[in-house]
Amino acid sequence: MMIETMRRQWPLLVPASCAALLGLLVMLGWHTHNSTIVQISPNWVPMQYNTALCLLFAAGLLLRQTTSALPNSLLSAALFLLPCATLLQYLLQTDFGIDQLFARHDILVGTSHPGRMAPNTALSFMLIAFAASPLQWRWPALATASAALALGLGLLAIVGYITQLTPAYGWGRFTAMAVHTALAVSVISGGLLLHRYRESQTLPSGPLHWQIACGLPLIAVVFLAIQLVPIRNGEIWLAQQSAQDVQRLKQRIALFLESHELLPQGAHQDPDAALRTLQLLRTNDGQDVLSNSQRRSLSVSRLAPMIEALCEDQGYRCALLNPAGTMLADTRHATDGAHTKTARLPLANGELQLRMPHVSLTGNPLYNGTRTFVLALSLLVLAGMFFLFRSIYRRTQAEAKAAHLYVSFKQAIDTFSEGFAIIDHTGKIKDKNKRLHDPDAGLLADLLAAHTAIDALDYINAPSEAEFTARTTDRKDSPIAVHIAPIPNTREFVVLIADLYESVGQLKAIEHQQALINSAFDASTNGIFVLDGQLRVLQANQTAYDWLQMTQETIHGKKFDQLISGQNARNFINEITTITNQRGITNDYDIVLTRSARPSWMQARAASRFSSESKSILITVSCTCIDSQKALVEQLNKTITQLAKSNEELDQFAFVASHDLKSPLVGIKNISDWLEEDFSALLPEEGRNQIALIRARCKRMMVLLDDLLHYSRAGRLNKDVEDIALHELAGDIVSMYDIQQTFTLHCPDITVFAPRVPIETLLRNLVNNSIKHHTHKKGNIYIEATQDDAGLVLYFGDDGCGIPETYFDKVLRPFTTLTPKDKTEGSGMGLAIIAKVVDSLDGTVTLGKAEQGGLLVTIWLPTKKGE
Amino acid sequence: MSNTDITLLLIEDDDVDAMTIERSFRKQRIGNKIVRADDGEAALELIANNLVPKPFIILLDLNLPKISGHEFLDTLRKDPANKDAVVFVLTTSSDEQDMLKAYEKFIAGYFVKSESGEQFMKLIGMLDGFWRIVKMPEPGE
């Protein structure tokens with residue numbers, strides 16, 4: 001973690017550590033009065049205590065960039081405000097008392113103000129404070145420029161120290177920047193710049209901004225540095241000038257002394273050596289005198305007018321001091337200044353000092369000319385650099401924008417569904433997207449069929465129209481559409497190629513499907529109508545047109561409810577209206593298609609569906625012609641009615657016949673009874689027999705009529721089902737018919753669930769038959785019954801003579817007897833009634849031979865158990 | 001007034017049936033007078049012309065020519081003089097509807113003719129008992 005932070009943040013961490021170390025060291029130096037640490041060299045200015053403090057602030061601020069533990073704003077404010085106050089002191093020429101707040105200035109090397117930070121140092125710190133403050137995020141370019149400017153100032157100072165160019169590190173007569181301050185400022189601002197450079201890498205235009213922000217202040221510094229050249233030249237010239245003047249002055253002094261015979265003749269040839277033979281003495285009255293070995297002497301003050309005269313000539317200001325520093329002579333009351341050139345007049349026992357104050361070259365037109373030229377040149381270069389930078393910046397911006405646009409453009413054309421290419425006027429492909437059907441094509445001609453390629457090349461040679469459009473094929477005969485349009489102001493063209501293969505295929509498939517649907521639609525034997533939401537006919541199929549003898553034109557827009565009638569038509573229309581709101585299918589309705597050639601019965605059904613294409617509801621009505629079914633049903637109903645009527649009539653006839661035939665029969669019987677009662681004695685034997693025969697026939701006729709009545713009623717018996725105790729019922733019936741009590745009933749004591757009245761009728765007839773037709777006086781009757789989910793089966797058997805199998809069918813018909821009627825009184829209706837009752841109950845009756853020898857009647861009824 | 005004073009108005013179109021009843025009266029030695037009408041119209045005429053001595057009870061067949069038994073009953077019950085007449089119905093119809101319709105006209109009894117003469121005997125016995133026991137209002141009161 002530490003190493004990782006170190007690796008990433010070293011441009012901040014290293015300068016911060018150096019600055020902190022240096023600051024602490026210098027502060028320690030001030031406290032321990034160690035001039036080596038504070039000054040480095042005795043001739044150089046010291047690093048002020050406040051500067052060392054500012055170094056600590058700067059170090060803190062740099063560390064703050066790597067961790068959020070330190071109060072950012074506070075540090076930057078401190079680093080800004082202390083130098084700012086110092087600068088204000090310089091500007092306002094006041095003293096806020098902040099210079100020696102922490103340590104007394106006790107260094108011998110002179111500064112303009114004791115303990116005060118140099119103005120360039122103060123400016124550098126302010127710049128660093130801004131570059132590292134939170135404001136850097138708002139104005140990143142300005143922060144970079146600040147750091148760059150601080151770096152420039154630092155570097156300038158270092159170079160000044162190396163080349164002994166004082167103005168490079170000291171501004172005028174103000175305190176200069178110390179050498180280690182310059183180093184520290186350079187390292188800190190350099191670190192900040194590096195950090196900012198690394199930060200700028202994250203943004204696309206970041207490095208460019210960084211370069212501009214960095215370059216401009218450095219150019220400004222270079223501009224400042226260039227200004228130093230004439231200053232340095234002036235200094236050199238002044239130094240040489242003053243050296244010559246001092247030499248001339250020495251010669252004059254020697255010549256003057258020669259004239260006063262203190263020096264031998266010709267001594268002015270080597271004034272230094274001649275002067276060294278003289279001694280400086282102080283007389284009792286306190287005058288400084290020069291004396292030679294011949295003890296001749298001369299007051300030093302006598303030299304003054306001569307020196308003054310010379311200096312007046314040369315335009316110097318000059319002062320002559322004895323070794324004790326006492327002023328012996330001066331010109332125009334020259335005062336002791338900070339920047340004074342001192343010429344030494346070495347004597348035998350000491351020296352005289354000739355001090356010449358710094359003479360400004362401001363008045364020198366040559367010097368001024370040079371300076372103006374340099375300044376003008378620098379400004380020119382600066383302006384040139386500014387415009388150069390600006391154009392570079394703009395061009396780079398434009399390039400970045402263009403690059404971005406090109407990327408977007410590439411992305412866009414790659415997402416086209418069409419092929420895209422840019423060609424030059426020779427037809428050579430310069431750019432293309434991935435959708436181009438031939439990705440290896442290098443020429444326009446490679447993309448198109450030969451004849452189209454010729455046309456296309458003609459077009460790009462001389463574009464006569466705004467666009468070239470063609471539907472053609474590619475080299476593999478696949479259908480394509482090609483568009484070529486010129487790019488304005490260039491000799492290039494845009495080519496768009498759409499692959500038509502898929503769309504043509506789809507179109508064909510849709511057409512094919514549509515044709516299938518249409519043919520199916522027309523081939524349907526059902527009449528089909530397509531309605532809109534207002535139930536107007538949009539379309540119908542051929543079957544419907546034929547029925548209605550209408551066409552697409554005449555049927556279109558007709559309201560569907562005008563086409564149909566019948567008692568269900570209203571309900572059908574209502575139900576269609578319901579499904580127009582909600583998708584669905586109606587029930588089937590029988591309606592009449594009224595508009596047709598002749599009204600036809602239809603079974604119709606409608607279904608609705610939302611058509612997403614037309615954004616509306618479509619209803620399809622399908623009609624099936626049911627005229628034939630209707631006719632059949634009508635025929636059937638008619639037949640059923642007729643059958644029911646004839647059955648009714650038959651029953652009525654049987655009933656009326658049996659009933660009405662009875663009353664004359666009763667009359668005949670009564671009268672024959674009365675004949676026998678009243679006139680029996682009068683009739684002969686034969687007459688009495690004949691009357692007996694009449695009575696017997698009457699009785700048979702009665703039975704016949706009764707049975708006929710039973711038979712007619714047999715189909716209309718009460719069919720209510722209930723639980724029947726079979727043994728009890730059968731026992732009652734047998735005892736009713738077995739008058740002589742000679743028959744034995746064999747019947748299980750079970751309960752069956754069946755219609756009571758028909759069962760009773762069946763049993764009565766069966767028992768009657770068994771007893772009546774039994775060959776012996778005694779006999780047995782066997783009854784069995786089973787009932788399950790398949791229905792009820794009743795077995796009735798006896799031990800009588802039975803019926804031959806050949807008569808099984810015949811005996812089930814009415815009025816069928818197998819024995820002469822005079823032998824056994826029977827109407828032949830018994831089994832017929834049984835058959836009719838069973839038939840009316842949807843059951844079956846089967847005749848067979850019983851185990852005991854007699855007839856076995858098996859009756860099945862569909863009555864299930866517990867139904 | 002003795003029970004033999006009560007007349008039986010027999011409304012019957014079938015001669016044999018009428019003969020059977022008359023014969024039964026004779027056989028049982030019942031002396032009451034029998035007045036016979038062939039149909040409903042004739043019966044109404046007889047009653048209207050006071051040819052039936054009062055008090056009388058009526059034995060009515062339903063299935064009659066011209067005016068049927070039911071029509072006869074309707075007319076009778078509207079006649080203020082005879083609306084209280086006691087009527088027995090003797091018919092071949094065992095139809096429930098016929099029976100209900102007849103009882104709605106306040107008949108005293110409904111008998112179904114059977115093929116044998118025995119039923120007639122019982123009916124005659126019942127009639128003999130009826131006018132023996134039942135007290136009838138005096139005529140003219």
# chains A, B, ... in the order shown; residues from 1 in each chain; ligands from 1
>>> residues_around(residues="Gln93 in chain A", least_positions_apart="5", cutoff="12 Å", atoms="only C-alpha atoms", output="PyMOL selection string")
chain A and resi 85-88+112-113+174
>>> interface_residues(of="chain A", to="chain B", cutoff="8 Å", atoms="only C-alpha atoms", output="JSON, numbers by chain")
{"A": [662, 663, 666, 667, 670, 671]}
>>> closest_residue(among="B:Ile124, B:Ile34, B:Val89, B:Val112", to="Val52 in chain B", atoms="only C-alpha atoms")
B:Ile34
>>> residues_around(residues="range 297-301 of chain A", least_positions_apart="3", cutoff="9 Å", atoms="only C-alpha atoms", output="PDB file with all heavy atoms, in the first residue's frame")
ATOM      1  N   LEU A 257      51.260  64.299  -6.935  1.00  0.00           N
ATOM      2  CA  LEU A 257      52.268  64.124  -5.891  1.00  0.00           C
ATOM      3  C   LEU A 257      53.669  64.412  -6.452  1.00  0.00           C
ATOM      4  O   LEU A 257      54.542  64.914  -5.735  1.00  0.00           O
ATOM      5  CB  LEU A 257      52.192  62.724  -5.300  1.00  0.00           C
ATOM      6  CG  LEU A 257      50.935  62.431  -4.456  1.00  0.00           C
ATOM      7  CD1 LEU A 257      50.866  61.006  -4.050  1.00  0.00           C
ATOM      8  CD2 LEU A 257      50.861  63.355  -3.252  1.00  0.00           C
ATOM      9  N   HIS A 260      54.335  67.972  -6.383  1.00  0.00           N
ATOM     10  CA  HIS A 260      54.643  68.457  -5.029  1.00  0.00           C
ATOM     11  C   HIS A 260      55.878  67.766  -4.492  1.00  0.00           C
ATOM     12  O   HIS A 260      56.119  67.796  -3.279  1.00  0.00           O
ATOM     13  CB  HIS A 260      53.425  68.230  -4.109  1.00  0.00           C
ATOM     14  CG  HIS A 260      52.306  69.202  -4.346  1.00  0.00           C
ATOM     15  ND1 HIS A 260      51.327  69.027  -5.332  1.00  0.00           N
ATOM     16  CD2 HIS A 260      52.046  70.409  -3.789  1.00  0.00           C
ATOM     17  CE1 HIS A 260      50.537  70.038  -5.340  1.00  0.00           C
ATOM     18  NE2 HIS A 260      50.940  70.944  -4.406  1.00  0.00           N
ATOM     19  N   LEU A 262      56.700  64.846  -3.867  1.00  0.00           N
ATOM     20  CA  LEU A 262      56.592  63.700  -2.937  1.00  0.00           C
ATOM     21  C   LEU A 262      56.996  62.413  -3.660  1.00  0.00           C
ATOM     22  O   LEU A 262      57.418  61.440  -3.044  1.00  0.00           O
ATOM     23  CB  LEU A 262      55.143  63.576  -2.424  1.00  0.00           C
ATOM     24  CG  LEU A 262      54.943  63.963  -0.973  1.00  0.00           C
ATOM     25  CD1 LEU A 262      55.007  65.496  -0.821  1.00  0.00           C
ATOM     26  CD2 LEU A 262      53.612  63.420  -0.461  1.00  0.00           C
ATOM     27  N   LEU A 280      51.101  57.167   5.260  1.00  0.00           N
ATOM     28  CA  LEU A 280      50.008  58.021   5.719  1.00  0.00           C
ATOM     29  C   LEU A 280      50.234  58.297   7.203  1.00  0.00           C
ATOM     30  O   LEU A 280      50.304  57.367   8.013  1.00  0.00           O
ATOM     31  CB  LEU A 280      48.664  57.308   5.518  1.00  0.00           C
ATOM     32  CG  LEU A 280      47.419  58.123   5.736  1.00  0.00           C
ATOM     33  CD1 LEU A 280      47.322  59.282   4.732  1.00  0.00           C
ATOM     34  CD2 LEU A 280      46.178  57.221   5.648  1.00  0.00           C
ATOM     35  N   LEU A 281      50.315  59.537   7.527  1.00  0.00           N
ATOM     36  CA  LEU A 281      50.577  59.894   8.911  1.00  0.00           C
ATOM     37  C   LEU A 281      49.496  60.827   9.388  1.00  0.00           C
ATOM     38  O   LEU A 281      48.812  61.484   8.594  1.00  0.00           O
ATOM     39  CB  LEU A 281      51.956  60.563   9.027  1.00  0.00           C
ATOM     40  CG  LEU A 281      53.176  59.744   8.566  1.00  0.00           C
ATOM     41  CD1 LEU A 281      54.457  60.615   8.549  1.00  0.00           C
ATOM     42  CD2 LEU A 281      53.403  58.536   9.478  1.00  0.00           C
ATOM     43  N   GLN A 287      45.515  66.164  11.316  1.00  0.00           N
ATOM     44  CA  GLN A 287      45.376  66.127   9.851  1.00  0.00           C
ATOM     45  C   GLN A 287      46.044  64.884   9.322  1.00  0.00           C
ATOM     46  O   GLN A 287      47.122  64.473   9.818  1.00  0.00           O
ATOM     47  CB  GLN A 287      46.033  67.384   9.236  1.00  0.00           C
ATOM     48  CG  GLN A 287      45.169  68.599   9.341  1.00  0.00           C
ATOM     49  CD  GLN A 287      45.582  69.656   8.349  1.00  0.00           C
ATOM     50  OE1 GLN A 287      46.741  69.727   7.902  1.00  0.00           O
ATOM     51  NE2 GLN A 287      44.663  70.541   8.003  1.00  0.00           N
ATOM     52  N   ASP A 288      45.426  64.274   8.288  1.00  0.00           N
ATOM     53  CA  ASP A 288      46.037  63.116   7.608  1.00  0.00           C
ATOM     54  C   ASP A 288      46.975  63.684   6.561  1.00  0.00           C
ATOM     55  O   ASP A 288      46.567  64.514   5.734  1.00  0.00           O
ATOM     56  CB  ASP A 288      44.953  62.255   6.967  1.00  0.00           C
ATOM     57  CG  ASP A 288      44.198  61.483   8.001  1.00  0.00           C
ATOM     58  OD1 ASP A 288      44.828  60.789   8.816  1.00  0.00           O
ATOM     59  OD2 ASP A 288      42.913  61.526   8.004  1.00  0.00           O
ATOM     60  N   VAL A 289      48.232  63.269   6.686  1.00  0.00           N
ATOM     61  CA  VAL A 289      49.219  63.739   5.714  1.00  0.00           C
ATOM     62  C   VAL A 289      49.895  62.557   5.079  1.00  0.00           C
ATOM     63  O   VAL A 289      49.946  61.473   5.664  1.00  0.00           O
ATOM     64  CB  VAL A 289      50.296  64.689   6.333  1.00  0.00           C
ATOM     65  CG1 VAL A 289      49.671  65.994   6.786  1.00  0.00           C
ATOM     66  CG2 VAL A 289      51.022  63.989   7.482  1.00  0.00           C
ATOM     67  N   LEU A 290      50.326  62.756   3.811  1.00  0.00           N
ATOM     68  CA  LEU A 290      51.125  61.735   3.107  1.00  0.00           C
ATOM     69  C   LEU A 290      52.581  62.197   3.179  1.00  0.00           C
ATOM     70  O   LEU A 290      52.858  63.376   2.956  1.00  0.00           O
ATOM     71  CB  LEU A 290      50.701  61.656   1.640  1.00  0.00           C
ATOM     72  CG  LEU A 290      49.360  60.988   1.329  1.00  0.00           C
ATOM     73  CD1 LEU A 290      48.969  61.267  -0.102  1.00  0.00           C
ATOM     74  CD2 LEU A 290      49.445  59.486   1.577  1.00  0.00           C
ATOM     75  N   SER A 291      53.509  61.269   3.539  1.00  0.00           N
ATOM     76  CA  SER A 291      54.925  61.694   3.581  1.00  0.00           C
ATOM     77  C   SER A 291      55.763  60.632   2.875  1.00  0.00           C
ATOM     78  O   SER A 291      55.404  59.459   2.850  1.00  0.00           O
ATOM     79  CB  SER A 291      55.386  61.899   5.025  1.00  0.00           C
ATOM     80  OG  SER A 291      55.579  60.666   5.656  1.00  0.00           O
ATOM     81  N   ASN A 292      56.838  61.097   2.283  1.00  0.00           N
ATOM     82  CA  ASN A 292      57.746  60.141   1.615  1.00  0.00           C
ATOM     83  C   ASN A 292      58.982  59.912   2.463  1.00  0.00           C
ATOM     84  O   ASN A 292      59.109  60.453   3.595  1.00  0.00           O
ATOM     85  CB  ASN A 292      58.068  60.631   0.208  1.00  0.00           C
ATOM     86  CG  ASN A 292      58.865  61.896   0.178  1.00  0.00           C
ATOM     87  OD1 ASN A 292      59.157  62.455   1.261  1.00  0.00           O
ATOM     88  ND2 ASN A 292      59.245  62.396  -0.976  1.00  0.00           N
ATOM     89  N   GLN A 294      61.853  61.122   2.050  1.00  0.00           N
ATOM     90  CA  GLN A 294      62.626  62.355   2.280  1.00  0.00           C
ATOM     91  C   GLN A 294      61.902  63.263   3.268  1.00  0.00           C
ATOM     92  O   GLN A 294      62.227  64.439   3.422  1.00  0.00           O
ATOM     93  CB  GLN A 294      62.844  63.133   0.946  1.00  0.00           C
ATOM     94  CG  GLN A 294      63.832  62.487   0.020  1.00  0.00           C
ATOM     95  CD  GLN A 294      63.222  61.355  -0.821  1.00  0.00           C
ATOM     96  OE1 GLN A 294      62.052  61.467  -1.187  1.00  0.00           O
ATOM     97  NE2 GLN A 294      64.012  60.309  -1.044  1.00  0.00           N
ATOM     98  N   ALA A 304      41.854  66.554  -2.499  1.00  0.00           N
ATOM     99  CA  ALA A 304      40.424  66.616  -2.769  1.00  0.00           C
ATOM    100  C   ALA A 304      40.028  67.466  -3.979  1.00  0.00           C
ATOM    101  O   ALA A 304      39.278  66.984  -4.852  1.00  0.00           O
ATOM    102  CB  ALA A 304      39.698  67.097  -1.509  1.00  0.00           C
ATOM    103  N   PRO A 305      40.507  68.660  -4.101  1.00  0.00           N
ATOM    104  CA  PRO A 305      40.108  69.466  -5.251  1.00  0.00           C
ATOM    105  C   PRO A 305      40.474  68.820  -6.573  1.00  0.00           C
ATOM    106  O   PRO A 305      39.685  68.840  -7.539  1.00  0.00           O
ATOM    107  CB  PRO A 305      40.892  70.763  -5.054  1.00  0.00           C
ATOM    108  CG  PRO A 305      41.230  70.808  -3.621  1.00  0.00           C
ATOM    109  CD  PRO A 305      41.418  69.426  -3.187  1.00  0.00           C
ATOM    110  N   LEU A 328      37.703  62.022   3.787  1.00  0.00           N
ATOM    111  CA  LEU A 328      38.753  63.026   3.609  1.00  0.00           C
ATOM    112  C   LEU A 328      38.328  64.024   2.553  1.00  0.00           C
ATOM    113  O   LEU A 328      38.631  65.214   2.626  1.00  0.00           O
ATOM    114  CB  LEU A 328      40.071  62.374   3.228  1.00  0.00           C
ATOM    115  CG  LEU A 328      40.604  61.362   4.275  1.00  0.00           C
ATOM    116  CD1 LEU A 328      41.873  60.692   3.775  1.00  0.00           C
ATOM    117  CD2 LEU A 328      40.908  62.070   5.602  1.00  0.00           C
ATOM    118  N   ALA A 329      37.654  63.515   1.526  1.00  0.00           N
ATOM    119  CA  ALA A 329      37.204  64.426   0.490  1.00  0.00           C
ATOM    120  C   ALA A 329      36.017  63.781  -0.226  1.00  0.00           C
ATOM    121  O   ALA A 329      35.917  62.556  -0.303  1.00  0.00           O
ATOM    122  CB  ALA A 329      38.323  64.668  -0.510  1.00  0.00           C
TER     123      ALA A 329
END
>>> closest_residue(among="B:Lys66, B:Lys33, B:Arg77, B:Lys54", to="Phe106 in chain B", atoms="only C-alpha atoms")
B:Arg77
>>> atom_distance(atom1="CA of Ser478 in chain A", atom2="CA of Ile510 in chain A")
19.7 Å
>>> residues_around(residues="Ile57 in chain B", least_positions_apart="2", cutoff="8 Å", atoms="only C-alpha atoms", output="list in words")
Ile6, Thr7, Leu8, Leu9, Pro55, Leu59, Ala85, Val86, Val87 and Phe88 of chain B
>>> select_by_dssp(residues="range 11-120 of chain B", states="helix (DSSP H, G or I)", output="number ranges by chain")
B: 15-27, 40-48, 69-78, 96-104, 118-120
>>> write_last_selection(atoms="N, CA and C atoms", output="short mmCIF file (atom, residue, chain, number, x, y, z; two decimals), in the first residue's frame")
data_model
loop_
_atom_site.label_atom_id
_atom_site.label_comp_id
_atom_site.auth_asym_id
_atom_site.auth_seq_id
_atom_site.Cartn_x
_atom_site.Cartn_y
_atom_site.Cartn_z
N ASP B 15 -131.76 -48.36 -25.30
CA ASP B 15 -132.98 -49.07 -24.88
C ASP B 15 -132.67 -50.26 -24.00
N VAL B 16 -131.58 -50.92 -24.32
CA VAL B 16 -131.25 -52.13 -23.55
C VAL B 16 -130.93 -51.75 -22.11
N ASP B 17 -130.16 -50.63 -22.01
CA ASP B 17 -129.83 -50.20 -20.66
C ASP B 17 -131.09 -49.80 -19.89
N ALA B 18 -131.96 -49.10 -20.62
CA ALA B 18 -133.22 -48.70 -19.96
C ALA B 18 -134.02 -49.93 -19.56
N MET B 19 -134.06 -50.88 -20.48
CA MET B 19 -134.79 -52.13 -20.19
C MET B 19 -134.18 -52.84 -19.00
N THR B 20 -132.85 -52.81 -18.93
CA THR B 20 -132.17 -53.49 -17.84
C THR B 20 -132.58 -52.88 -16.51
N ILE B 21 -132.65 -51.53 -16.48
CA ILE B 21 -133.03 -50.89 -15.22
C ILE B 21 -134.48 -51.18 -14.88
N GLU B 22 -135.36 -51.07 -15.88
CA GLU B 22 -136.77 -51.34 -15.61
C GLU B 22 -136.96 -52.78 -15.12
N ARG B 23 -136.22 -53.69 -15.77
CA ARG B 23 -136.31 -55.11 -15.44
C ARG B 23 -135.81 -55.35 -14.01
N SER B 24 -134.76 -54.61 -13.67
CA SER B 24 -134.23 -54.74 -12.32
C SER B 24 -135.24 -54.26 -11.29
N PHE B 25 -135.91 -53.09 -11.61
CA PHE B 25 -136.94 -52.60 -10.70
C PHE B 25 -138.02 -53.67 -10.47
N ARG B 26 -138.39 -54.26 -11.57
CA ARG B 26 -139.44 -55.29 -11.46
C ARG B 26 -138.95 -56.46 -10.64
N LYS B 27 -137.75 -56.91 -10.95
CA LYS B 27 -137.19 -58.06 -10.25
C LYS B 27 -137.12 -57.83 -8.76
N GLY B 40 -131.49 -35.46 -23.60
CA GLY B 40 -131.55 -34.32 -22.67
C GLY B 40 -132.67 -33.36 -22.99
N GLU B 41 -132.92 -33.18 -24.30
CA GLU B 41 -133.95 -32.25 -24.73
C GLU B 41 -135.33 -32.72 -24.28
N ALA B 42 -135.55 -34.02 -24.53
CA ALA B 42 -136.82 -34.62 -24.13
C ALA B 42 -137.00 -34.52 -22.62
N ALA B 43 -135.92 -34.74 -21.87
CA ALA B 43 -135.99 -34.71 -20.41
C ALA B 43 -136.37 -33.31 -19.95
N LEU B 44 -135.72 -32.29 -20.54
CA LEU B 44 -136.01 -30.91 -20.15
C LEU B 44 -137.47 -30.56 -20.45
N GLU B 45 -137.94 -31.06 -21.60
CA GLU B 45 -139.34 -30.81 -21.95
C GLU B 45 -140.28 -31.43 -20.94
N LEU B 46 -139.96 -32.67 -20.56
CA LEU B 46 -140.80 -33.39 -19.59
C LEU B 46 -140.86 -32.61 -18.29
N ILE B 47 -139.68 -32.12 -17.87
CA ILE B 47 -139.63 -31.42 -16.58
C ILE B 47 -140.40 -30.09 -16.71
N ALA B 48 -140.13 -29.41 -17.83
CA ALA B 48 -140.77 -28.11 -18.00
C ALA B 48 -142.30 -28.23 -18.05
N GLY B 69 -125.41 -34.93 -21.50
CA GLY B 69 -125.67 -34.96 -20.06
C GLY B 69 -125.18 -33.70 -19.38
N HIS B 70 -123.98 -33.26 -19.76
CA HIS B 70 -123.42 -32.05 -19.13
C HIS B 70 -124.27 -30.83 -19.43
N GLU B 71 -124.74 -30.71 -20.71
CA GLU B 71 -125.58 -29.57 -21.08
C GLU B 71 -126.91 -29.61 -20.32
N PHE B 72 -127.37 -30.82 -20.17
CA PHE B 72 -128.62 -30.99 -19.42
C PHE B 72 -128.45 -30.50 -18.00
N LEU B 73 -127.32 -30.86 -17.38
CA LEU B 73 -127.05 -30.46 -16.00
C LEU B 73 -126.96 -28.93 -15.90
N ASP B 74 -126.28 -28.33 -16.88
CA ASP B 74 -126.15 -26.87 -16.88
C ASP B 74 -127.55 -26.22 -16.87
N THR B 75 -128.38 -26.67 -17.78
CA THR B 75 -129.70 -26.08 -17.91
C THR B 75 -130.53 -26.31 -16.66
N LEU B 76 -130.43 -27.52 -16.15
CA LEU B 76 -131.21 -27.89 -14.97
C LEU B 76 -130.87 -27.00 -13.79
N ARG B 77 -129.54 -26.80 -13.59
CA ARG B 77 -129.14 -26.05 -12.41
C ARG B 77 -129.49 -24.56 -12.55
N LYS B 78 -129.82 -24.15 -13.76
CA LYS B 78 -130.22 -22.75 -13.95
C LYS B 78 -131.73 -22.56 -13.77
N GLU B 96 -111.94 -39.25 -15.94
CA GLU B 96 -111.85 -38.43 -14.73
C GLU B 96 -112.46 -37.05 -14.97
N GLN B 97 -112.19 -36.49 -16.18
CA GLN B 97 -112.70 -35.15 -16.50
C GLN B 97 -114.22 -35.11 -16.43
N ASP B 98 -114.85 -36.14 -17.01
CA ASP B 98 -116.31 -36.23 -17.00
C ASP B 98 -116.82 -36.24 -15.58
N MET B 99 -116.14 -37.01 -14.73
CA MET B 99 -116.60 -37.18 -13.36
C MET B 99 -116.52 -35.85 -12.60
N LEU B 100 -115.35 -35.16 -12.75
CA LEU B 100 -115.17 -33.89 -12.03
C LEU B 100 -116.19 -32.85 -12.49
N LYS B 101 -116.41 -32.84 -13.82
CA LYS B 101 -117.33 -31.86 -14.40
C LYS B 101 -118.75 -32.10 -13.87
N ALA B 102 -119.09 -33.36 -13.74
CA ALA B 102 -120.43 -33.72 -13.26
C ALA B 102 -120.58 -33.34 -11.79
N TYR B 103 -119.58 -33.63 -10.98
CA TYR B 103 -119.70 -33.31 -9.56
C TYR B 103 -119.77 -31.82 -9.32
N GLU B 104 -119.14 -31.06 -10.23
CA GLU B 104 -119.23 -29.59 -10.11
C GLU B 104 -120.67 -29.10 -10.23
N GLU B 118 -124.60 -57.21 -12.80
CA GLU B 118 -124.55 -57.20 -11.34
C GLU B 118 -124.48 -55.78 -10.79
N GLN B 119 -123.70 -54.91 -11.52
CA GLN B 119 -123.56 -53.54 -11.06
C GLN B 119 -124.92 -52.83 -11.04
N PHE B 120 -125.71 -53.15 -12.05
CA PHE B 120 -127.04 -52.56 -12.11
C PHE B 120 -127.86 -52.95 -10.89
#
>>> residues_around(residues="Ala470 in chain A", least_positions_apart="5", cutoff="10 Å", atoms="only C-alpha atoms", output="PyMOL selection string")
chain A and resi 452+455-456+480-484+497
